[in-house]
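Undergrad: I am sharing my_file-v1.txt, which consists of compact mmCIF, C-alpha atoms and all ligand atoms:
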# COMPACT_ATOMS: atom_id res chain seq x y z
CA MET A 1 10.32 -18.01 -4.91
CA THR A 2 11.65 -20.82 -2.72
CA LYS A 3 8.78 -23.13 -1.98
CA ASN A 4 7.89 -23.89 1.62
CA ILE A 5 8.57 -27.39 2.92
CA VAL A 6 5.38 -28.46 4.64
CA LEU A 7 5.26 -31.41 7.07
CA VAL A 8 1.98 -33.16 7.78
CA GLY A 9 1.26 -36.38 9.62
CA PHE A 10 -0.24 -37.80 12.77
CA MET A 11 0.75 -36.71 16.26
CA GLY A 12 3.99 -38.45 17.13
CA ALA A 13 5.08 -38.90 13.52
CA GLY A 14 8.15 -36.77 14.26
CA LYS A 15 7.12 -33.50 12.55
CA SER A 16 8.42 -31.34 15.35
CA VAL A 17 11.93 -32.84 15.62
CA VAL A 18 12.27 -33.29 11.86
CA SER A 19 11.12 -29.72 11.10
CA LYS A 20 13.67 -28.31 13.58
CA GLN A 21 16.55 -30.30 12.10
CA LEU A 22 15.45 -29.54 8.55
CA ALA A 23 15.28 -25.81 9.22
CA THR A 24 18.76 -25.86 10.79
CA ARG A 25 20.27 -27.88 7.94
CA LEU A 26 18.71 -25.71 5.23
CA LYS A 27 19.15 -22.43 7.15
CA ARG A 28 15.46 -21.72 6.84
CA GLU A 29 12.97 -20.29 9.25
CA ARG A 30 10.70 -22.88 10.89
CA VAL A 31 7.13 -22.16 11.83
CA SER A 32 4.73 -24.43 13.68
CA THR A 33 1.01 -23.87 13.20
CA ASP A 34 0.37 -25.08 16.77
CA GLU A 35 2.95 -22.66 18.18
CA LEU A 36 1.56 -19.74 16.16
CA ILE A 37 -1.92 -20.51 17.48
CA GLU A 38 -0.68 -20.78 21.07
CA GLN A 39 1.22 -17.49 20.78
CA ARG A 40 -1.79 -15.72 19.35
CA GLU A 41 -4.20 -17.07 21.91
CA GLY A 42 -1.75 -16.81 24.79
CA ARG A 43 -2.66 -20.30 25.99
CA ALA A 44 -2.01 -23.96 25.33
CA ILE A 45 -3.82 -26.00 22.63
CA SER A 46 -5.27 -28.25 25.34
CA ASP A 47 -6.84 -25.19 26.96
CA ILE A 48 -8.31 -24.02 23.63
CA PHE A 49 -9.86 -27.47 23.05
CA GLN A 50 -11.18 -27.63 26.57
CA LYS A 51 -12.69 -24.15 26.80
CA ASP A 52 -13.70 -23.40 23.21
CA GLY A 53 -13.83 -26.78 21.50
CA GLU A 54 -12.23 -28.38 18.48
CA ALA A 55 -14.25 -26.39 15.91
CA TYR A 56 -12.85 -23.12 17.24
CA PHE A 57 -9.30 -24.55 17.15
CA ARG A 58 -9.83 -25.66 13.53
CA SER A 59 -10.95 -22.16 12.58
CA LEU A 60 -7.75 -20.72 14.07
CA GLU A 61 -5.77 -23.32 12.14
CA LYS A 62 -7.40 -22.28 8.85
CA GLN A 63 -6.64 -18.64 9.55
CA VAL A 64 -2.95 -19.35 10.26
CA VAL A 65 -2.59 -21.52 7.15
CA ALA A 66 -4.25 -18.87 4.97
CA GLU A 67 -1.77 -16.30 6.27
CA LEU A 68 1.19 -18.56 5.50
CA THR A 69 0.26 -18.60 1.79
CA SER A 70 1.91 -15.21 1.49
CA ARG A 71 5.27 -16.49 2.82
CA ASP A 72 7.92 -18.65 1.21
CA GLY A 73 11.21 -20.34 2.06
CA LEU A 74 9.84 -21.73 5.32
CA VAL A 75 9.77 -25.13 6.95
CA ILE A 76 6.21 -25.51 8.24
CA ASP A 77 5.36 -27.98 11.00
CA CYS A 78 1.61 -28.54 10.76
CA GLY A 79 -0.75 -29.74 13.49
CA GLY A 80 -1.81 -33.33 12.87
CA GLY A 81 -5.38 -32.48 11.89
CA ILE A 82 -4.62 -29.73 9.39
CA VAL A 83 -5.30 -32.04 6.44
CA LEU A 84 -8.95 -32.41 7.45
CA ALA A 85 -9.89 -29.14 5.73
CA ALA A 86 -9.38 -29.30 1.96
CA VAL A 87 -8.83 -25.54 1.92
CA ASN A 88 -5.73 -26.02 4.11
CA ILE A 89 -4.10 -28.49 1.73
CA ASP A 90 -4.94 -26.22 -1.22
CA ASN A 91 -3.39 -23.26 0.55
CA LEU A 92 -0.29 -25.13 1.70
CA ARG A 93 0.25 -26.41 -1.85
CA LYS A 94 0.08 -22.92 -3.38
CA ASN A 95 3.61 -22.14 -2.35
CA GLY A 96 4.86 -25.37 -0.82
CA VAL A 97 5.64 -29.03 -1.24
CA VAL A 98 3.69 -31.16 1.24
CA PHE A 99 5.48 -34.12 2.86
CA TYR A 100 3.49 -36.73 4.78
CA LEU A 101 5.52 -38.26 7.60
CA LYS A 102 3.96 -41.67 7.92
CA ALA A 103 4.09 -43.92 10.99
CA ASP A 104 2.01 -46.94 11.97
CA PRO A 105 -0.32 -46.86 15.01
CA GLN A 106 1.99 -48.93 17.22
CA THR A 107 4.98 -46.67 16.52
CA ILE A 108 2.84 -43.60 17.21
CA TYR A 109 1.59 -45.09 20.47
CA GLU A 110 5.13 -45.85 21.63
CA ARG A 111 6.25 -42.31 20.84
CA ILE A 112 3.43 -40.47 22.57
CA LYS A 113 2.22 -42.72 25.36
CA ASP A 114 3.89 -40.69 28.11
CA GLU A 115 2.80 -37.29 26.82
CA LYS A 116 -0.11 -35.52 28.41
CA HIS A 117 -0.78 -32.55 26.13
CA ARG A 118 -2.72 -34.29 23.34
CA PRO A 119 -6.41 -33.39 23.76
CA LEU A 120 -7.65 -35.83 21.11
CA LEU A 121 -6.07 -38.76 22.92
CA ALA A 122 -6.83 -37.59 26.44
CA ASP A 123 -9.68 -39.97 27.14
CA GLY A 124 -10.55 -43.50 26.12
CA ASP A 125 -8.16 -46.19 24.99
CA PRO A 126 -5.28 -44.34 23.30
CA LYS A 127 -4.28 -47.30 21.09
CA LYS A 128 -7.78 -47.63 19.69
CA LYS A 129 -8.15 -43.90 19.25
CA ILE A 130 -4.88 -43.70 17.34
CA SER A 131 -5.91 -46.54 14.99
CA ASP A 132 -9.40 -45.11 14.46
CA ILE A 133 -8.32 -41.53 13.81
CA LEU A 134 -5.43 -42.64 11.60
CA ALA A 135 -7.73 -44.83 9.48
CA GLN A 136 -10.17 -41.96 9.13
CA ARG A 137 -7.43 -39.51 8.12
CA LYS A 138 -5.50 -41.82 5.79
CA PRO A 139 -7.12 -40.49 2.57
CA PHE A 140 -6.41 -36.91 3.66
CA TYR A 141 -2.75 -37.51 4.51
CA GLU A 142 -2.32 -39.28 1.20
CA LYS A 143 -3.12 -36.03 -0.62
CA ALA A 144 0.43 -34.93 0.24
CA ASP A 145 2.90 -34.55 -2.62
CA VAL A 146 5.42 -36.96 -1.08
CA THR A 147 5.05 -39.71 1.54
CA VAL A 148 8.03 -40.47 3.77
CA ALA A 149 7.88 -43.65 5.88
CA THR A 150 9.45 -42.94 9.26
CA GLU A 151 9.42 -46.35 10.96
CA GLY A 152 12.83 -47.47 12.10
CA LYS A 153 14.45 -44.26 10.85
CA THR A 154 16.19 -41.56 12.84
CA ALA A 155 15.05 -37.96 12.45
CA GLU A 156 18.32 -37.33 10.61
CA GLN A 157 17.53 -40.04 8.07
CA VAL A 158 14.06 -38.59 7.50
CA VAL A 159 15.63 -35.14 7.03
CA ASP A 160 18.09 -36.58 4.48
CA GLU A 161 15.23 -38.17 2.60
CA ILE A 162 13.25 -34.94 2.47
CA ILE A 163 16.28 -32.97 1.31
CA SER A 164 16.94 -35.53 -1.44
CA LYS A 165 13.39 -34.93 -2.72
CA ILE A 166 13.22 -31.15 -2.85
C1 LIG B 201 -4.00 -32.49 16.50
C2 LIG B 201 -2.63 -32.52 16.57
C3 LIG B 201 -1.83 -31.61 17.40
C4 LIG B 201 -2.61 -30.31 17.66
C5 LIG B 201 -3.97 -30.60 18.18
C6 LIG B 201 -4.79 -31.47 17.23
C7 LIG B 201 -4.71 -33.45 15.63
O1 LIG B 201 -0.62 -31.30 16.75
O2 LIG B 201 -2.70 -29.55 16.49
O3 LIG B 201 -3.82 -31.24 19.42
O4 LIG B 201 -5.89 -33.22 15.30
O5 LIG B 201 -4.08 -34.44 15.20
P1 LIG B 201 0.64 -32.33 16.61
O6 LIG B 201 0.34 -33.22 15.46
O7 LIG B 201 1.78 -31.43 16.35
O8 LIG B 201 0.73 -33.07 17.91
Mind turning this structure into structure tokens?
Ligand code: S3P
TA:
Amino acid sequence: MTKNIVLVGFMGAGKSVVSKQLATRLKRERVSTDELIEQREGRAISDIFQKDGEAYFRSLEKQVVAELTSRDGLVIDCGGGIVLAAVNIDNLRKNGVVFYLKADPQTIYERIKDEKHRPLLADGDPKKKISDILAQRKPFYEKADVTVATEGKTAEQVVDEIISKI
């Protein structure tokens, strides 16, 4: 069995770009939990949050992660809040190595300030929300097997670092 490479981290940490490059470099299939959920539901994450709420979205996330336990050799790009459910981390670890792509609040803000599709940051002061949510999630992200600092690094450098650790 070839273990999955699982990327977790806050929105804007670079999971999407890094997972795409990683999958290309390693000739692996990439899956994104957000994309699987959107395909299944036939609508955008922001619509799911708006019409059915975060709890419903989290239940879909758990279902997708549970299904991925039966697959190997993948690069998995996880939604930023996946770590909140202990069952998700347990499942992702069963057949994968979990990498936490770490970025500080300022870097995250700079990367996502012009994007409009992030329901958790849609209202209020985005800088404060990023700091608050990140602080709250820190212990959960730190359950990852490996932490990769992304500040000041290109996606390619992050990919190199992940490859050197698998
Ligand atoms: C979320 C992150 C998003 C998406 C949803 C919730 C979060 O994914 O799953 O909007 O709770 O951090 P990305 O981290 O890929 O933006």
Undergrad: Would you compute the box with edges along x, y and z of the file around ligand LIG 201 (chain B), including every atom the file lists for it and 4 Å extra on each side, and give its centre and edge lengths in Å to one decimal, as AutoDock Vina command-line options?
TA:
--center_x -2.1 --center_y -32.0 --center_z 17.3 --size_x 15.7 --size_y 12.9 --size_z 12.2
Undergrad: Report as a list of chain:residue names all protein, DNA and RNA residues lying within 7 Å of A:Ser19, evaluated on all atoms listed in the file, omitting residues in the same chain fewer than 2 positions from it.
TA: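 So, after excluding close chain neighbours, the residues are A:Lys15, A:Ser16, A:Val17, A:Gln21, A:Leu22, A:Ala23, A:Arg30, A:Val75, A:Asp77.
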Undergrad: Could you list, as an MDAnalysis selection string, all residues that come within 9 Å of ligand LIG 201 (chain B)? Count all atoms listed in the file.
TA: chainID A and resid 8:16 32:34 45:46 49 54 57:58 61 77:84 117:121 133
Undergrad: For the selection just defined, write its residues with C-alpha atoms to a file, as an mmCIF file, in the frame of the given file.
TA:
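The new file selection-v4.cif reads:
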data_model
loop_
_atom_site.group_PDB
_atom_site.id
_atom_site.type_symbol
_atom_site.label_atom_id
_atom_site.label_comp_id
_atom_site.auth_asym_id
_atom_site.auth_seq_id
_atom_site.Cartn_x
_atom_site.Cartn_y
_atom_site.Cartn_z
ATOM 1 C CA VAL A 8 1.980 -33.160 7.780
ATOM 2 C CA GLY A 9 1.260 -36.380 9.620
ATOM 3 C CA PHE A 10 -0.240 -37.800 12.770
ATOM 4 C CA MET A 11 0.750 -36.710 16.260
ATOM 5 C CA GLY A 12 3.990 -38.450 17.130
ATOM 6 C CA ALA A 13 5.080 -38.900 13.520
ATOM 7 C CA GLY A 14 8.150 -36.770 14.260
ATOM 8 C CA LYS A 15 7.120 -33.500 12.550
ATOM 9 C CA SER A 16 8.420 -31.340 15.350
ATOM 10 C CA SER A 32 4.730 -24.430 13.680
ATOM 11 C CA THR A 33 1.010 -23.870 13.200
ATOM 12 C CA ASP A 34 0.370 -25.080 16.770
ATOM 13 C CA ILE A 45 -3.820 -26.000 22.630
ATOM 14 C CA SER A 46 -5.270 -28.250 25.340
ATOM 15 C CA PHE A 49 -9.860 -27.470 23.050
ATOM 16 C CA GLU A 54 -12.230 -28.380 18.480
ATOM 17 C CA PHE A 57 -9.300 -24.550 17.150
ATOM 18 C CA ARG A 58 -9.830 -25.660 13.530
ATOM 19 C CA GLU A 61 -5.770 -23.320 12.140
ATOM 20 C CA ASP A 77 5.360 -27.980 11.000
ATOM 21 C CA CYS A 78 1.610 -28.540 10.760
ATOM 22 C CA GLY A 79 -0.750 -29.740 13.490
ATOM 23 C CA GLY A 80 -1.810 -33.330 12.870
ATOM 24 C CA GLY A 81 -5.380 -32.480 11.890
ATOM 25 C CA ILE A 82 -4.620 -29.730 9.390
ATOM 26 C CA VAL A 83 -5.300 -32.040 6.440
ATOM 27 C CA LEU A 84 -8.950 -32.410 7.450
ATOM 28 C CA HIS A 117 -0.780 -32.550 26.130
ATOM 29 C CA ARG A 118 -2.720 -34.290 23.340
ATOM 30 C CA PRO A 119 -6.410 -33.390 23.760
ATOM 31 C CA LEU A 120 -7.650 -35.830 21.110
ATOM 32 C CA LEU A 121 -6.070 -38.760 22.920
ATOM 33 C CA ILE A 133 -8.320 -41.530 13.810
#
Undergrad: Grab the atom CA of A:Asp145 to atom CA of A:Asp90 distance for me, in Å with one decimal place.
TA: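 About the pair atom CA of A:Asp145 and atom CA of A:Asp90: they are 11.5 Å apart.
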Undergrad: So which one's closest to A:Ile108, A:Asp72, A:Glu151, A:Glu35, A:Glu29? Using all atoms listed in the file, please.
TA: A:Glu151
Undergrad: Would you work out the distance separating atom CA of A:Thr69 from atom CA of A:Ala86, expressed in Å to one decimal?
TA: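 Spanning atom CA of A:Thr69 to atom CA of A:Ala86 is a straight-line distance of 14.4 Å.
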Undergrad: Give me, please, the distance in Å between atom CA of A:Ile112 and atom CA of A:Ile89, quoted to one decimal.
TA: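 A separation of 25.2 Å between them.
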Undergrad: When you count all atoms listed in the file, which of these residues is closest to A:Arg111: A:Val87, A:Ile130, A:Asp47, A:Lys94?
TA: A:Ile130
Undergrad: Near A:Asp160, within 12 Å and counting all atoms listed in the file, which residues show up once chain neighbours fewer than 3 positions away are dropped, as a list in words?
TA: Val18, Ser19, Gln21, Leu22, Arg25, Leu26, Val148, Thr150, Lys153, Thr154, Ala155, Glu156, Gln157, Ile163, Ser164, Lys165 and Ile166 of chain A
Undergrad: Any chance you could export the current selection's C-alpha atoms as a short mmCIF file (atom, residue, chain, number, x, y, z; two decimals), keeping the file's coordinate frame?
TA:
data_model
loop_
_atom_site.label_atom_id
_atom_site.label_comp_id
_atom_site.auth_asym_id
_atom_site.auth_seq_id
_atom_site.Cartn_x
_atom_site.Cartn_y
_atom_site.Cartn_z
CA VAL A 18 12.27 -33.29 11.86
CA SER A 19 11.12 -29.72 11.10
CA GLN A 21 16.55 -30.30 12.10
CA LEU A 22 15.45 -29.54 8.55
CA ARG A 25 20.27 -27.88 7.94
CA LEU A 26 18.71 -25.71 5.23
CA VAL A 148 8.03 -40.47 3.77
CA THR A 150 9.45 -42.94 9.26
CA LYS A 153 14.45 -44.26 10.85
CA THR A 154 16.19 -41.56 12.84
CA ALA A 155 15.05 -37.96 12.45
CA GLU A 156 18.32 -37.33 10.61
CA GLN A 157 17.53 -40.04 8.07
CA ILE A 163 16.28 -32.97 1.31
CA SER A 164 16.94 -35.53 -1.44
CA LYS A 165 13.39 -34.93 -2.72
CA ILE A 166 13.22 -31.15 -2.85
#
Undergrad: Need to verify the contact set: A:Ala149, 8 Å, all atoms listed in the file, exclusion of same-chain residues closer than 5 positions in sequence. Can you return it as a PyMOL selection string?
TA: chain A and resi 101-103
Undergrad: Starting from the point (-0.6, -35.2, 3.2), work out which residues of protein, DNA or RNA have an atom no more than 6 Å away when counting only C-alpha atoms; state them as a list in words.
TA: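 All residues meeting the 6 Å criterion around (-0.6, -35.2, 3.2) are Val8, Tyr100, Tyr141, Glu142, Lys143 and Ala144 of chain A.
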Undergrad: Counting all atoms listed in the file, which residue out of A:Ala44, A:Gly96, A:Tyr109, A:Lys20 sits closest to A:Leu134?
TA: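 Under the stated criterion, the closest residue is A:Tyr109.
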